[in-house]
Structure formats: C-alpha cells, structure tokens
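Asker: Just one file: query-v1.tsv, with TSV, C-alpha atoms and all ligand atoms.
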```tsv
chain	number	residue	atom	x	y	z
A	1	MET	CA	69.23	114.72	39.33
A	2	LYS	CA	68.06	113.67	42.78
A	3	ASN	CA	64.44	112.79	43.47
A	4	LYS	CA	62.33	115.85	44.10
A	5	PRO	CA	61.35	116.48	47.74
A	6	LYS	CA	57.75	115.40	48.27
A	7	ILE	CA	55.05	117.45	49.98
A	8	LEU	CA	51.71	115.89	50.91
A	9	PHE	CA	48.75	118.22	51.42
A	10	LEU	CA	45.99	116.86	53.65
A	11	PHE	CA	42.60	118.51	53.25
A	12	SER	CA	38.95	117.60	53.05
A	13	ASP	CA	36.07	118.94	51.02
A	14	THR	CA	34.09	119.99	54.08
A	15	GLY	CA	33.44	123.49	52.71
A	16	GLY	CA	35.32	124.84	49.71
A	17	GLY	CA	38.01	126.66	51.68
A	18	HIS	CA	40.34	123.77	52.52
A	19	ARG	CA	40.74	122.52	48.96
A	20	SER	CA	41.25	126.01	47.53
A	21	ALA	CA	43.81	126.83	50.26
A	22	ALA	CA	45.84	123.71	49.37
A	23	GLU	CA	45.58	124.47	45.64
A	24	ALA	CA	46.67	128.06	46.21
A	25	ILE	CA	49.75	127.00	48.20
A	26	ILE	CA	50.74	124.41	45.59
A	27	GLU	CA	50.39	127.07	42.90
A	28	ALA	CA	52.59	129.45	44.92
A	29	LEU	CA	55.20	126.70	45.46
A	30	ASN	CA	55.33	126.11	41.71
A	31	LEU	CA	55.65	129.84	41.03
A	32	GLU	CA	58.35	130.44	43.64
A	33	PHE	CA	60.23	127.17	43.12
A	34	PRO	CA	59.51	125.93	39.60
A	35	ASP	CA	59.99	122.18	39.21
A	36	VAL	CA	61.53	121.75	42.66
A	37	PHE	CA	58.87	119.89	44.62
A	38	GLU	CA	56.55	116.98	43.96
A	39	THR	CA	53.18	117.75	45.53
A	40	GLU	CA	50.09	115.66	46.14
A	41	MET	CA	46.70	116.45	47.67
A	42	VAL	CA	44.73	113.85	49.62
A	43	ASP	CA	41.15	114.27	50.82
A	44	ILE	CA	41.84	112.52	54.08
A	45	PHE	CA	38.22	111.76	54.98
A	46	ARG	CA	37.09	110.63	51.57
A	47	GLU	CA	40.17	108.53	50.76
A	48	TYR	CA	41.42	107.25	54.11
A	49	ALA	CA	38.89	107.55	56.95
A	50	PRO	CA	36.90	104.44	57.82
A	51	SER	CA	33.12	104.53	57.33
A	52	PRO	CA	31.11	106.67	58.22
A	53	LEU	CA	33.81	109.36	58.57
A	54	ASN	CA	34.60	108.96	54.87
A	55	PHE	CA	31.21	110.50	54.18
A	56	ALA	CA	32.20	113.76	55.92
A	57	PRO	CA	32.39	115.75	52.65
A	58	GLU	CA	28.86	114.54	51.73
A	59	ILE	CA	27.49	115.16	55.25
A	60	TYR	CA	29.01	118.65	55.62
A	61	PRO	CA	26.48	120.54	53.45
A	62	TYR	CA	23.61	119.08	55.54
A	63	LEU	CA	25.33	119.85	58.85
A	64	SER	CA	26.11	123.37	57.73
A	65	ARG	CA	22.38	123.93	57.28
A	66	MET	CA	21.88	123.19	61.01
A	67	PRO	CA	23.73	126.14	62.52
A	68	ARG	CA	22.66	125.48	66.14
A	69	LEU	CA	23.87	121.88	66.07
A	70	TRP	CA	27.08	123.01	64.38
A	71	GLU	CA	27.64	125.70	66.99
A	72	VAL	CA	27.15	123.31	69.92
A	73	GLY	CA	29.55	120.75	68.39
A	74	TYR	CA	32.11	123.45	67.69
A	75	LYS	CA	31.98	125.00	71.14
A	76	ILE	CA	31.98	121.85	73.24
A	77	SER	CA	35.01	120.51	71.40
A	78	ASP	CA	36.99	123.79	71.39
A	79	GLY	CA	39.81	123.44	73.94
A	80	PRO	CA	43.11	121.52	74.11
A	81	ARG	CA	41.85	118.99	76.67
A	82	ARG	CA	38.51	118.49	74.97
A	83	THR	CA	40.25	117.97	71.64
A	84	ARG	CA	42.51	115.36	73.27
A	85	VAL	CA	39.57	113.53	74.83
A	86	PHE	CA	37.74	113.46	71.50
A	87	TYR	CA	40.73	112.05	69.63
A	88	ASP	CA	41.52	109.54	72.40
A	89	ALA	CA	38.02	108.19	71.87
A	90	ILE	CA	38.26	107.83	68.08
A	91	TRP	CA	41.98	106.95	67.84
A	92	PRO	CA	41.55	103.12	67.84
A	93	TYR	CA	39.15	103.60	64.99
A	94	LEU	CA	41.49	105.79	62.87
A	95	ARG	CA	44.90	104.28	63.65
A	96	ARG	CA	45.06	101.63	60.93
A	97	SER	CA	43.90	103.78	58.05
A	98	LEU	CA	46.18	106.69	58.95
A	99	ARG	CA	49.23	104.45	59.34
A	100	LYS	CA	48.34	103.00	55.92
A	101	LEU	CA	48.23	106.51	54.45
A	102	LEU	CA	51.63	107.42	55.88
A	103	LYS	CA	53.19	104.13	54.75
A	104	GLU	CA	51.80	104.48	51.24
A	105	LYS	CA	53.00	108.06	50.90
A	106	PRO	CA	56.46	108.57	52.33
A	107	VAL	CA	57.11	112.32	52.01
A	108	ASP	CA	59.48	115.00	53.29
A	109	LEU	CA	56.75	117.34	54.48
A	110	ILE	CA	53.09	116.97	55.39
A	111	VAL	CA	50.99	120.13	55.20
A	112	SER	CA	47.62	120.10	56.92
A	113	VAL	CA	45.01	122.63	55.85
A	114	HIS	CA	42.21	121.02	57.88
A	115	GLN	CA	41.81	121.27	61.64
A	116	LEU	CA	40.63	117.68	62.06
A	117	VAL	CA	43.77	116.27	60.44
A	118	ASN	CA	46.39	117.44	62.92
A	119	THR	CA	45.97	115.35	66.07
A	120	PRO	CA	45.41	111.93	64.47
A	121	VAL	CA	48.05	112.33	61.75
A	122	LEU	CA	50.67	113.57	64.20
A	123	ARG	CA	49.86	110.58	66.39
A	124	ALA	CA	50.20	108.22	63.46
A	125	ARG	CA	53.44	109.83	62.21
A	126	LEU	CA	55.88	106.97	61.68
A	127	ASN	CA	58.98	108.91	60.81
A	128	ALA	CA	60.08	111.87	62.91
A	129	ASP	CA	62.10	113.13	59.89
A	130	THR	CA	58.85	113.87	58.09
A	131	ARG	CA	58.11	117.50	58.92
A	132	PHE	CA	54.54	118.53	59.70
A	133	VAL	CA	53.20	122.03	59.10
A	134	THR	CA	49.67	123.27	59.69
A	135	VAL	CA	48.30	126.14	57.63
A	136	VAL	CA	45.27	127.52	59.47
A	137	THR	CA	42.54	128.48	57.02
A	138	ASP	CA	40.10	130.10	59.45
A	139	LEU	CA	40.77	133.79	60.00
A	140	VAL	CA	40.10	134.61	63.64
A	141	SER	CA	38.00	132.21	65.75
A	142	THR	CA	40.20	129.24	65.12
A	143	HIS	CA	39.37	125.89	66.74
A	144	ALA	CA	41.76	124.31	69.28
A	145	ALA	CA	42.19	121.30	66.97
A	146	TRP	CA	44.33	123.48	64.65
A	147	TYR	CA	47.02	123.78	67.33
A	148	HIS	CA	48.65	120.43	68.06
A	149	PRO	CA	51.98	121.08	69.83
A	150	GLY	CA	53.60	118.25	67.84
A	151	ALA	CA	53.47	120.30	64.62
A	152	ASP	CA	56.84	121.70	63.52
A	153	MET	CA	55.28	124.97	62.45
A	154	VAL	CA	51.78	126.47	62.44
A	155	ILE	CA	51.05	129.27	59.98
A	156	VAL	CA	48.15	131.54	60.97
A	157	PRO	CA	46.45	134.31	59.00
A	158	THR	CA	45.94	136.97	61.70
A	159	ILE	CA	47.19	138.19	65.09
A	160	PRO	CA	43.99	137.03	66.89
A	161	ALA	CA	44.63	133.54	65.49
A	162	ARG	CA	48.19	133.68	66.88
A	163	GLU	CA	46.77	134.59	70.28
A	164	LYS	CA	44.45	131.59	70.14
A	165	ALA	CA	47.42	129.37	69.23
A	166	LEU	CA	49.39	130.62	72.25
A	167	LYS	CA	46.35	130.15	74.49
A	168	ASN	CA	46.15	126.55	73.32
A	169	GLY	CA	49.71	125.88	74.43
A	170	LEU	CA	51.61	126.21	71.14
A	171	PRO	CA	55.07	127.65	71.73
A	172	ASP	CA	55.63	131.07	70.15
A	173	ARG	CA	58.65	129.83	68.12
A	174	LYS	CA	56.39	127.47	66.16
A	175	ILE	CA	53.87	130.15	65.12
A	176	ARG	CA	54.17	132.27	61.98
A	177	VAL	CA	51.59	134.99	61.22
A	178	ILE	CA	51.51	135.26	57.43
A	179	GLY	CA	47.99	135.46	56.01
A	180	GLN	CA	45.22	133.48	54.35
A	181	PRO	CA	46.20	131.49	51.25
A	182	VAL	CA	44.43	132.76	48.13
A	183	ALA	CA	44.89	131.75	44.48
A	184	ASP	CA	47.48	133.79	42.57
A	185	ARG	CA	44.93	135.22	40.12
A	186	TYR	CA	43.31	137.21	42.99
A	187	THR	CA	46.64	138.98	43.56
A	188	GLN	CA	47.33	139.96	39.94
A	189	PRO	CA	46.68	143.50	38.64
A	190	GLN	CA	43.29	143.81	36.97
A	191	LYS	CA	42.02	145.74	33.96
A	192	PRO	CA	40.09	148.99	34.64
A	193	GLN	CA	36.52	148.59	35.94
A	194	SER	CA	35.04	149.96	32.70
A	195	VAL	CA	36.84	147.32	30.60
A	196	LEU	CA	35.71	144.52	32.90
A	197	ARG	CA	32.11	145.76	33.00
A	198	GLU	CA	31.98	145.94	29.24
A	199	LYS	CA	33.33	142.40	29.01
A	200	PHE	CA	30.60	141.11	31.37
A	201	GLY	CA	27.82	143.30	29.93
A	202	TRP	CA	27.32	145.11	33.24
A	203	ARG	CA	26.05	148.65	33.74
A	204	MET	CA	28.68	151.38	33.44
A	205	ASN	CA	26.70	154.10	35.19
A	206	LEU	CA	25.45	152.29	38.31
A	207	PRO	CA	27.23	151.09	41.46
A	208	ILE	CA	27.70	147.32	41.22
A	209	VAL	CA	26.67	145.28	44.25
A	210	LEU	CA	28.10	141.75	44.13
A	211	MET	CA	26.41	139.03	46.22
A	212	VAL	CA	27.86	135.58	46.94
A	213	GLY	CA	27.27	132.81	49.49
A	214	GLY	CA	30.58	130.92	49.25
A	215	GLY	CA	31.25	128.26	46.64
A	216	GLU	CA	28.05	126.40	47.58
A	217	GLY	CA	25.64	129.38	47.57
A	218	MET	CA	25.03	129.05	51.30
A	219	GLY	CA	23.22	131.17	53.86
A	220	PRO	CA	19.93	133.04	53.38
A	221	LEU	CA	21.20	134.87	50.30
A	222	GLU	CA	17.84	134.79	48.55
A	223	LYS	CA	15.79	136.71	51.11
A	224	HIS	CA	18.48	139.38	51.36
A	225	ALA	CA	18.62	139.71	47.58
A	226	TYR	CA	14.83	140.17	47.38
A	227	ALA	CA	14.90	142.76	50.16
A	228	ILE	CA	17.50	144.76	48.22
A	229	ASP	CA	15.37	144.48	45.09
A	230	GLN	CA	12.36	145.88	46.95
A	231	ALA	CA	14.39	148.90	48.10
A	232	HIS	CA	14.63	150.21	44.50
A	233	LEU	CA	18.19	151.44	44.93
A	234	PRO	CA	20.06	152.91	41.92
A	235	ILE	CA	22.38	149.89	41.62
A	236	GLN	CA	23.01	146.80	39.53
A	237	MET	CA	23.03	143.54	41.49
A	238	ILE	CA	25.35	140.74	40.45
A	239	ILE	CA	24.26	137.57	42.25
A	240	ILE	CA	26.38	134.43	42.31
A	241	ALA	CA	24.56	131.26	43.33
A	242	GLY	CA	27.75	129.16	43.21
A	243	ARG	CA	27.09	125.43	42.87
A	244	ASN	CA	23.60	125.79	44.36
A	245	LYS	CA	21.42	124.99	41.33
A	246	ASN	CA	18.12	125.36	43.23
A	247	LEU	CA	19.13	128.83	44.36
A	248	LYS	CA	20.05	129.83	40.80
A	249	ASP	CA	16.72	128.51	39.42
A	250	SER	CA	14.80	130.30	42.12
A	251	LEU	CA	16.61	133.62	41.59
A	252	GLU	CA	16.03	133.34	37.85
A	253	SER	CA	12.29	132.88	38.22
A	254	TYR	CA	11.87	135.98	40.44
A	255	ASN	CA	10.38	139.14	38.99
A	256	TRP	CA	13.21	141.62	39.52
A	257	GLN	CA	12.61	145.39	39.75
A	258	THR	CA	16.32	146.21	40.03
A	259	ALA	CA	18.93	145.69	37.31
A	260	VAL	CA	20.33	142.24	37.97
A	261	LYS	CA	22.53	139.49	36.55
A	262	ILE	CA	22.51	135.98	37.98
A	263	TYR	CA	25.34	133.48	37.70
A	264	GLY	CA	26.11	129.93	38.84
A	265	PHE	CA	29.67	129.08	39.85
A	266	VAL	CA	32.04	131.58	38.23
A	267	ARG	CA	35.76	131.20	37.59
A	268	GLU	CA	36.23	134.95	37.02
A	269	MET	CA	35.77	135.90	40.68
A	270	PRO	CA	38.88	138.16	40.82
A	271	GLU	CA	37.56	140.16	37.85
A	272	PHE	CA	34.02	140.20	39.27
A	273	MET	CA	35.38	141.65	42.51
A	274	HIS	CA	37.44	144.31	40.76
A	275	ALA	CA	34.48	145.36	38.62
A	276	SER	CA	32.25	145.83	41.71
A	277	ASN	CA	31.77	148.53	44.35
A	278	VAL	CA	30.34	146.53	47.27
A	279	LEU	CA	30.46	142.84	48.22
A	280	ILE	CA	27.64	141.19	50.14
A	281	THR	CA	28.74	137.76	51.34
A	282	LYS	CA	28.56	135.13	54.01
A	283	ALA	CA	31.56	135.43	56.33
A	284	GLY	CA	33.77	132.84	54.57
A	285	PRO	CA	37.50	133.36	55.16
A	286	GLY	CA	38.47	132.91	51.50
A	287	THR	CA	35.98	135.40	50.11
A	288	ILE	CA	36.76	137.95	52.84
A	289	SER	CA	40.52	137.75	52.21
A	290	GLU	CA	40.01	138.09	48.46
A	291	ALA	CA	37.69	141.09	49.01
A	292	PHE	CA	40.42	142.80	51.07
A	293	ILE	CA	42.81	142.42	48.14
A	294	ALA	CA	40.20	143.93	45.79
A	295	GLY	CA	39.59	146.71	48.36
A	296	LEU	CA	35.86	145.97	48.53
A	297	PRO	CA	33.61	147.24	51.33
A	298	LEU	CA	31.86	144.21	52.84
A	299	ILE	CA	28.36	143.54	54.07
A	300	LEU	CA	28.29	140.19	55.88
A	301	TYR	CA	24.82	138.65	56.02
A	302	SER	CA	25.52	135.22	57.57
A	303	LYS	CA	28.24	133.09	59.14
A	304	MET	CA	28.91	129.53	60.18
A	305	PRO	CA	28.56	129.73	63.98
A	306	GLY	CA	31.81	129.04	65.79
A	307	GLN	CA	34.46	129.11	63.11
A	308	GLU	CA	33.22	132.22	61.28
A	309	ASP	CA	32.13	134.24	64.37
A	310	GLY	CA	35.48	136.00	64.63
A	311	ASN	CA	35.52	136.92	60.93
A	312	VAL	CA	32.55	139.20	61.50
A	313	GLY	CA	34.17	141.05	64.44
A	314	TYR	CA	37.43	141.35	62.49
A	315	VAL	CA	35.77	142.99	59.46
A	316	VAL	CA	33.52	145.25	61.53
A	317	ASN	CA	36.15	146.33	64.10
A	318	GLN	CA	38.65	147.18	61.39
A	319	GLY	CA	36.04	149.35	59.66
A	320	ALA	CA	36.08	147.22	56.49
A	321	GLY	CA	32.37	146.45	56.54
A	322	ILE	CA	29.16	145.86	58.43
A	323	TRP	CA	27.30	142.88	59.90
A	324	ALA	CA	23.69	142.74	58.73
A	325	PRO	CA	21.99	139.38	59.32
A	326	GLU	CA	18.52	140.94	58.99
A	327	PRO	CA	17.44	142.02	55.49
A	328	GLU	CA	16.16	145.40	56.80
A	329	LYS	CA	19.52	146.19	58.37
A	330	LEU	CA	21.33	145.12	55.22
A	331	VAL	CA	19.18	147.38	53.05
A	332	GLU	CA	19.64	150.28	55.47
A	333	GLY	CA	23.45	149.86	55.45
A	334	LEU	CA	23.61	149.49	51.69
A	335	ARG	CA	21.39	152.54	51.16
A	336	MET	CA	23.64	154.62	53.42
A	337	TRP	CA	26.70	153.60	51.38
A	338	ILE	CA	25.06	154.15	48.00
A	339	GLU	CA	23.87	157.62	49.02
A	340	ASN	CA	27.28	158.52	50.41
A	341	PRO	CA	30.13	157.68	47.99
A	342	THR	CA	32.79	159.17	50.31
A	343	LEU	CA	31.73	156.74	53.00
A	344	ILE	CA	32.07	153.80	50.59
A	345	GLN	CA	35.52	155.03	49.63
A	346	SER	CA	36.71	155.22	53.22
A	347	VAL	CA	35.40	151.71	54.00
A	348	ALA	CA	37.04	150.45	50.78
A	349	ALA	CA	40.38	151.94	51.90
A	350	LYS	CA	40.11	150.16	55.25
A	351	SER	CA	39.34	146.88	53.52
A	352	LYS	CA	42.40	147.34	51.29
A	353	GLN	CA	44.59	147.91	54.38
A	354	LEU	CA	43.79	144.37	55.56
A	355	ALA	CA	44.92	142.80	52.27
A	356	ARG	CA	47.82	140.36	52.32
A	357	PRO	CA	48.39	139.66	48.63
A	358	LEU	CA	51.86	138.19	49.17
A	359	ALA	CA	50.74	135.76	51.88
A	360	THR	CA	50.54	132.64	49.74
A	361	ARG	CA	54.03	133.19	48.29
A	362	GLU	CA	55.34	133.73	51.84
A	363	ILE	CA	53.67	130.51	52.97
A	364	ALA	CA	55.36	128.66	50.09
A	365	LYS	CA	58.75	130.01	51.20
A	366	ALA	CA	58.10	129.07	54.82
A	367	LEU	CA	57.28	125.50	53.71
A	368	ALA	CA	60.44	125.27	51.60
A	369	GLU	CA	62.48	126.27	54.65
A	370	GLN	CA	61.16	123.17	56.41
A	371	ILE	CA	62.81	120.77	53.99
A	372	PRO	CA	66.42	120.22	55.09
A	373	SER	CA	67.58	118.79	51.73
A	374	ILE	CA	66.81	122.13	50.11
A	375	ASN	CA	69.48	124.77	49.96
A	376	TYR	CA	66.84	127.42	50.45
A	377	HIS	CA	66.72	130.53	48.38
A	378	SER	CA	63.61	131.34	46.43
A	379	LYS	CA	63.63	131.02	42.60
A	380	GLN	CA	67.31	129.95	42.39
A	381	ILE	CA	66.93	126.92	44.54
A	382	GLU	CA	69.45	124.07	44.38
A	383	VAL	CA	68.42	120.57	45.37
B	1	LIG	N1	34.06	131.16	44.58
B	1	LIG	C1	34.31	131.12	43.21
B	1	LIG	N2	33.25	131.14	42.36
B	1	LIG	C2	31.96	131.20	42.78
B	1	LIG	C3	31.71	131.23	44.18
B	1	LIG	C4	32.79	131.23	45.05
B	1	LIG	O1	35.47	131.07	42.76
B	1	LIG	O2	31.07	131.18	41.95
B	1	LIG	C5	35.21	131.11	45.49
B	1	LIG	C6	35.43	132.34	46.33
B	1	LIG	O3	36.07	133.35	45.58
B	1	LIG	C7	36.29	131.74	47.45
B	1	LIG	C8	35.69	130.36	47.65
B	1	LIG	O4	34.98	130.07	46.45
B	1	LIG	O5	37.62	131.61	47.03
B	1	LIG	C9	34.74	130.28	48.86
B	1	LIG	O6	35.52	130.23	50.03
B	1	LIG	P1	35.01	130.80	51.43
B	1	LIG	O7	36.09	130.50	52.41
B	1	LIG	O8	34.61	132.21	51.31
B	1	LIG	O9	33.67	130.00	51.74
B	1	LIG	P2	33.34	128.43	51.76
B	1	LIG	O10	32.65	128.13	50.47
B	1	LIG	O11	34.66	127.69	51.92
B	1	LIG	O12	32.46	128.25	52.94
```
Let's see the structure in the file written out as structure tokens.

Answerer:
Amino acid sequence: MKNKPKILFLFSDTGGGHRSAAEAIIEALNLEFPDVFETEMVDIFREYAPSPLNFAPEIYPYLSRMPRLWEVGYKISDGPRRTRVFYDAIWPYLRRSLRKLLKEKPVDLIVSVHQLVNTPVLRARLNADTRFVTVVTDLVSTHAAWYHPGADMVIVPTIPAREKALKNGLPDRKIRVIGQPVADRYTQPQKPQSVLREKFGWRMNLPIVLMVGGGEGMGPLEKHAYAIDQAHLPIQMIIIAGRNKNLKDSLESYNWQTAVKIYGFVREMPEFMHASNVLITKAGPGTISEAFIAGLPLILYSKMPGQEDGNVGYVVNQGAGIWAPEPEKLVEGLRMWIENPTLIQSVAAKSKQLARPLATREIAKALAEQIPSINYHSKQIEV
C-alpha cells in the first residue's frame, strides 16, 4: 500500500465560515473517497504567522464590530494591483514562516479556504508539483485576494463570483462554479416538521420564526428580536445566540410577550431549519446556503460591509428573501409573510431553487482530480 496522497487545508478562524467550509470539504472527501486521502487543517494565522498577525482570530471579533473601518479596509484593498502592493509590503515579514510551513508539511495538494492565504502561500510555494486550489467561501462580493492567477484551480459558489474572478484576471479555464461548501448533515433528508417540533418542544400550531446571527451571535439581533416581540404576531420565535453568552443572558432576562425559545450554540441547525417557516439572519454565506437547502424564506437584518454586501442583493434579486436592517421594516415584512401564507410559500420555493446540496461532494471530486497519482473515479478509486 502506497502512502496516501496528502491534502493540506489552510484556513483561519476569522469568522466561523472558513473552518466550517474546510471541515465540510474534508467530510465530503471522506464520504466520496473513503480512506484515500490524508487531510490536515492548519489555522495559518494562529499557527504560522509572525506576531501580531497570529492574533488575527482574536482580533477579528473586535474588528467585525467596527463595520465602517472594516468596509474601508475591504474596499481600499479590493483590486488585483492593490492586493499585490499590500502583499509586496508584508512579504519580507511572512516569507520565513510560510516557507517553514511548506517545508514542515510536504503535501500533494494545498486547499485554501481563506482569501488572505493565497498570495503569500503561492509566493512561498517551494515545489511546483504541489497543486494549489482555492475554494472561495464568500458568495457574491468576493475580494480580489481570492483570485491569485498562480492557483491551479479556483472553485467559486456563484456566477457573480465567477465574473469577479474573470475581472481580476483569472483565466476562465481555472474557474469552476460549483457552490458553497456545507456540512453533509444539512443535505440529508429530514424528519417531518411535526416530529422535529415535538422533539424540540416547539409549538405545532404557530409559524416558527428562527433567528440567528452567525456562529458568534453577531449583528444587532437583540433589537430586532424585541421589535418582533412588540408586534404581537401569532408566531413562535426561536432565537439562537450562538457563542455570544452576553446576548443569551440578555435575551433570557427580557420579558417576552411572544412565545419564544432561546438557545446558545446549537449543533442541530439542520433540524432547526427544517422545523421552521422563516429564517431571520445576518447575511453570512454559510447560513444563507444552508437556508436555501432547507427552502427557507430569508429576512436579512445585517451584513459585514464589503464581503457580505453581494449576499443581500443575491437573496433579494432572486426573490428568496428581503433586506430589513431597520426593525420596523423587518416587522412589516414578517407581518406581511405571516398574514399571507401563499406569499411565504412562493418565497420558500425561490429559496429552494438556489440550493446546491451536492456542491460539497462536487468540490471533493474536483480536488481529487487535481492529484495526478490518483486514478480518478469516485468511490472506486485506486491509488
Ligand atoms: N451555526 C451553528 N449553530 C449555531 C449558530 C450557527 O451550527 O448555534 C452555524 C450555521 O449553521 C453556519 C455557521 O454556523 O453553518 C455560520 O456561518 P456563516 O457563514 O453564516 O456566518 P459566520 O459566523 O461565518 O460569520
């Protein structure tokens, strides 16, 4: 038995999306090609960047609470030349640690699921035989740093992302439009709503409105939740505070008039989505893609400026939901849906049309094709 081909996933915990994308792809690789590949995930900032860049995962939650600053940084760096200038400036600072990473981990394929990884790692690449694939984990308004022309393949989730890749000088032959990676459990058939609601102790006879602010409970979720409560709609609210303990405590001490259940971070998100009728969320790419698979109508109440701008337009233009950053507008939109079940159904159908449940498996197959030592055919692979 030969050594297994090795795949290194480079990510960073700046937001939950990059880690979960890498985990989802590894899971799909194991499902499609059991026991074929050896995979490893490295948080490139935390484990290999010199100080203070190694604090990026710790700094990110603070930065993400300063949307204006974030937006300015995002926009002034978004362009192929600007990206090059930025990396030229920090290259002397990164070179040693990245070369160390690549020496310590000789692999057949590097997969980047973080936009800041591509330029410096491709520059540091010691061995041209090591393939490099980028999997873009933002849906629409994707930053130029995702699209380094040295990558062997760049996988994007949507057509608008492909257009951005072309605009940034990536040749068409290197681009594959497949979809957003999501964990396999989001793509599995679910039990009927009534069974799930009974399991969770939710109301059978009321529309369920699920609220979530990403894994970290971000965005002004609280004020929107209270505005909905004040509207006295015939609904049950299911509010997920994620890992935000302060938010959970605060929601729990509020005097609710509407039927409500409050949770911290939940593992059962696929079941929660299937048991619900409407999803109110910040415009995170993971949550939006999962909601499409569950066929949930979406109300987006906040976004990270820059990278999540396009997600809002995508959802709204495709008729899969509405954008309601002000609590009054959110309540108005929700009321309209609750009073008009046919409208909810038609928005749900449009959301379902955008679902790409097979995307992660397709990404796994596309990665396997990149490894020349593999005689590629899914599930009956010979090494
Ligand atoms: N999520 C979860 N449990 C929770 C809250 C969130 O599993 O309690 C998942 C959610 O389903 C999604 C991810 O966390 O897969 C959040 O990713 P997204 O891209 O939407 O936002 P981010 O947190 O990365 O900004």

Asker: Any residue with an atom at most 9 Å from ligand LIG 1 (chain B) counts, using only C-alpha atoms and all ligand atoms. Which are they? Put them as an NGL selection string.

Answerer: :A and (13-21 or 137-138 or 182-183 or 186 or 212-218 or 240-243 or 263-270 or 273 or 281-291 or 303-304)

Asker: Tell me which of A:Ser302, A:Pro234, A:Pro297, A:Gly310 sits closest to Arg335 (chain A), counting all atoms listed in the file.

Answerer: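 Nearest to Arg335 (chain A): A:Pro234.
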
Asker: Expressed in Å to a single decimal, how great is the separation between CA of Thr39 (chain A) and CA of Lys6 (chain A)?

Answerer: 5.8 Å

Asker: Write out as a PyMOL selection string the residues lying within 12 Å of Phe37 (chain A), counting all atoms listed in the file and excluding same-chain residues fewer than 2 positions away.

Answerer: chain A and resi 2-8+26-35+39-40+107-109+364+367-368+371+373-374+381-383

Asker: Show which residues sit within 12 Å of Pro325 (chain A), as a PyMOL selection string. Count all atoms listed in the file, and ignore same-chain residues fewer than 6 positions away.

Answerer: chain A and resi 219-221+223-224+280-283+299-303+312+331-333

Asker: For a test of reading the model, state the distance in Å between CA of Ala49 (chain A) and CA of Leu94 (chain A), rounded to one decimal.

Answerer: 6.7 Å

Asker: For His274 (chain A), which residue out of A:Phe292, A:Tyr93, A:Tyr314, A:Tyr48 is the nearest one, using all atoms listed in the file?

Answerer: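 The answer is A:Phe292, which sits nearest to His274 (chain A).
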